[in-house]
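**Student:** Below you'll find the structure I mean.
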Amino acid sequence: MEPIIGIDLGTTNSEVAFVFDGTAEIIIDNDNGILPSCVSIGENGNIIVGAEAGNQALINPERTVLSVKRCMGSDQKLKLGELSFSPQEISAFILKELKGRAEKKINHPVSKAIITVPAYFTDAQRQATREAGEIAGLEVVRIINEPTAAALAYESANPEPQRVLIYDLGGGTFDISIVRIEDGVVEVLSSTGDNHLGGDDFDLKIVDHLLKHMETEFDYSVKDKPAVMARLKRAAEGAKIQLSSAPYTTIEEDHIGKKGFKDLHLSLELSREKFEEMIEEDLVRTMESVNKALKDASMLPSAIDKIILVGGSTRIPRISQMLEEKIGHLPHSEIDPDMCVAIGAGMQAGREMGLEHSGVLVDITPYTFGTSAMGEIDGVPSATKFVPLIRRNTKLPASKSEVFYTMYDNQKAVDVKIYQGEAIDGLDNIQLGNYMFNLTEAPSNSAIVLKFDLDLNGILKIKAVEKKTGNKINAVIENAISRFTNEELSDTQDRLNGFWAEGREPETFLKEKVQTGADVNELPSEYADIIRRAEAKLTEASEDDRDEMINLVEDIRDAVMNNQMEDAKKFKTELDEILFYIG
Ligand code: AMP
């Protein structure tokens, strides 16, 4: 039987699951089931994915991409050093790594996957995800929504009838879904959210706070210092995570900068209360989405039997508090918020492989899709009145046709516009695309049938048919991500494979070039040696030691370059002590 894997392709972390002996399990590699969604390029041109790439972000931020999921569906170009990649290509590197993990564990080539996306992902974002899979050599059998996958994982352990609210807040996206579980069917009743809200935003709020502090305390600006920004971001995330379990934390970053000859050391206490104040507005917005989801499902808060939390950011205690205030009971804490999406994807993958599982999936679209036509908006004639074809919260797959009529005799063409949104005026919605449909000569009022097909993956296909002649065209969505031709796909795969060393060894991060542009080899050998030794030990070091080692390496380099040999010697001794201690 051909294996199908389930992948949670997250903003911050990704996981892959597979059904072993009837149970979906996270595939563990080197004791770790979580793969940080970080991609960087090493000095030898090979791609590094995961925790090592995350570390590289500190030393060479310009050679690293984090949170690529936030760019999916856009035509942004992402830089890895001198090279430029599409968001799909960067995501493909993450998928390739997960595919490799799975192949190693299953001991079989893998070419098919289920990939999860936020329920609130748009059509372009879903297409981009599918493309990323294709580039990585994975046929994406199905895209499922993250909260739905979480519900599947939950259902298998709790099959009794109930209504479940799934609050999913990860690194970059927020989703809220209401699901009914009954007789082995997981049915999504409503779904809403925000594609650009998550833990990354909370980190940036702390970073802002730190920048202000550094400006007032040291009169020091971090502008144009990507390495310092990367350290502040990492410190901010660490502080945020600590505040989930402690009322106070101190952010300490030694040697964060230099003012003249003076080293600047950052040390700032942050309380949970202050942090909660910073993010209160965002959390209130998530609660407004809870209200919207309840309203869409025609439910009162009291009708919710269980609240499930998904995503790392839901560990922030204020979220459980707010949900308790709103719904009247605390969230359910049995299922692992980091793993349940991948587990659900793995279960669905097992189902696609024909293995027996409980939990049939009935998903919905969180968006309304439609077109525009002549009509009245607030009593005023308009050419852009929005005509919804598939309404939000419709079960998937959904198919809907509507007939439209030409306005003039011998009308040459009709410009069909496709929108996503709820506004009465099409212009106030998101235009997914438009295409010209050339018509044959005919009197006015000739019929054109427009058909929308929204598949199980939430991907929209459009067809327009001239009724009289049967002439038809399929949609060309100009501003959505273009689909690859087979040739383009194979070119992209080849290009990416060029960066992908087979059976590659873990990369080292401090190779050769150091951040100032100075080559390690140019340093006196005693300093070059210790930097190389530090480089080799970085992966073994604890997070604290690693930060200190990175700081000391930079200090040594700065001191040597500025001919401050006394300082260089002192830093070398300190680094030596850490290396001795690590063994
Ligand atoms: P996910 O996308 O589900 O992997 O979630 C990742 C996000 O969760 C990142 O922004 C993390 O910083 C955040 N996160 C992980 N653990 C915690 C925690 N204990 N408290 C607050 N945020 C956390």
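Residue names in the structure tokens use chain letters A, B, ... in the order shown, residue numbers from 1 in each chain, and ligand numbers from 1 in the order shown.
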Name each residue within 9 Å of ligand 1, counting only C-alpha atoms and all ligand atoms, as JSON, numbers by chain.

**Tutor:** {"A": [9, 10, 11, 12, 13, 14, 34, 36, 37, 168, 169, 170, 171, 172, 173, 198, 199, 200, 201, 202, 203, 236, 237, 238, 239, 240, 241, 242, 243, 244, 245, 310, 311, 312, 313, 314, 315, 316, 317, 337, 338, 339, 341]}

**Student:** Go through range 333-371 of chain A residue by residue and, counting only C-alpha atoms, keep those with an atom at most 7 Å from range 390-411 of chain A; for each kept residue give the shortest atom pair and its distance in Å to one decimal, ordered by chain and increasing number, as a tab-separated table.

**Tutor:**
```
residue	atom	partner	partner_atom	distance
A:Val362	CA	A:Lys395	CA	6.8
A:Asp363	CA	A:Leu396	CA	5.6
A:Ile364	CA	A:Lys395	CA	4.2
A:Thr365	CA	A:Asn393	CA	5.1
A:Pro366	CA	A:Arg392	CA	5.0
A:Tyr367	CA	A:Arg392	CA	4.4
A:Thr368	CA	A:Arg391	CA	4.3
A:Phe369	CA	A:Ile390	CA	5.2
A:Gly370	CA	A:Ile390	CA	6.6
```

**Student:** Write out as a VMD selection string the residues lying within 9 Å of Leu460 in chain A, counting only C-alpha atoms and excluding same-chain residues fewer than 4 positions away.

**Tutor:** chain A and resid 123 369 452 to 455

**Student:** Just write the chosen residues, N, CA, C and O atoms, as a short mmCIF file (atom, residue, chain, number, x, y, z; two decimals), in the first residue's frame.

**Tutor:**
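Final file, part27.cif:
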```cif
data_model
loop_
_atom_site.label_atom_id
_atom_site.label_comp_id
_atom_site.auth_asym_id
_atom_site.auth_seq_id
_atom_site.Cartn_x
_atom_site.Cartn_y
_atom_site.Cartn_z
N ASP A 123 -7.76 31.07 -1.06
CA ASP A 123 -7.54 30.19 -2.19
C ASP A 123 -6.08 30.25 -2.65
O ASP A 123 -5.44 29.21 -2.85
N PHE A 369 -17.78 33.18 -1.78
CA PHE A 369 -17.21 33.46 -3.10
C PHE A 369 -18.34 33.90 -4.04
O PHE A 369 -19.44 33.34 -3.98
N PHE A 452 -19.25 27.79 -10.05
CA PHE A 452 -18.13 27.75 -9.10
C PHE A 452 -18.06 26.35 -8.50
O PHE A 452 -19.08 25.82 -8.05
N ASP A 453 -16.89 25.78 -8.49
CA ASP A 453 -16.68 24.49 -7.80
C ASP A 453 -15.63 24.69 -6.74
O ASP A 453 -14.49 25.06 -7.05
N LEU A 454 -16.00 24.45 -5.50
CA LEU A 454 -15.04 24.57 -4.41
C LEU A 454 -14.77 23.15 -3.92
O LEU A 454 -15.69 22.46 -3.47
N ASP A 455 -13.53 22.70 -4.07
CA ASP A 455 -13.27 21.29 -3.76
C ASP A 455 -12.99 21.06 -2.28
O ASP A 455 -13.03 22.01 -1.48
#
```

**Student:** Residues at most 12 Å from Glu15 in chain A, counting only C-alpha atoms, excluding those fewer than 3 positions away in the same chain, as a ChimeraX atom specification?

**Tutor:** /A:5-12,18,25-29,32-37,50,94-99,101-102,114-116,338-346

**Student:** Which parts of range 22-255 of chain A does DSSP call alpha helix (DSSP H) when run on the backbone here, written out as number ranges by chain?

**Tutor:** A: 51-59, 87-106, 123-135, 146-157, 199-218, 226-243
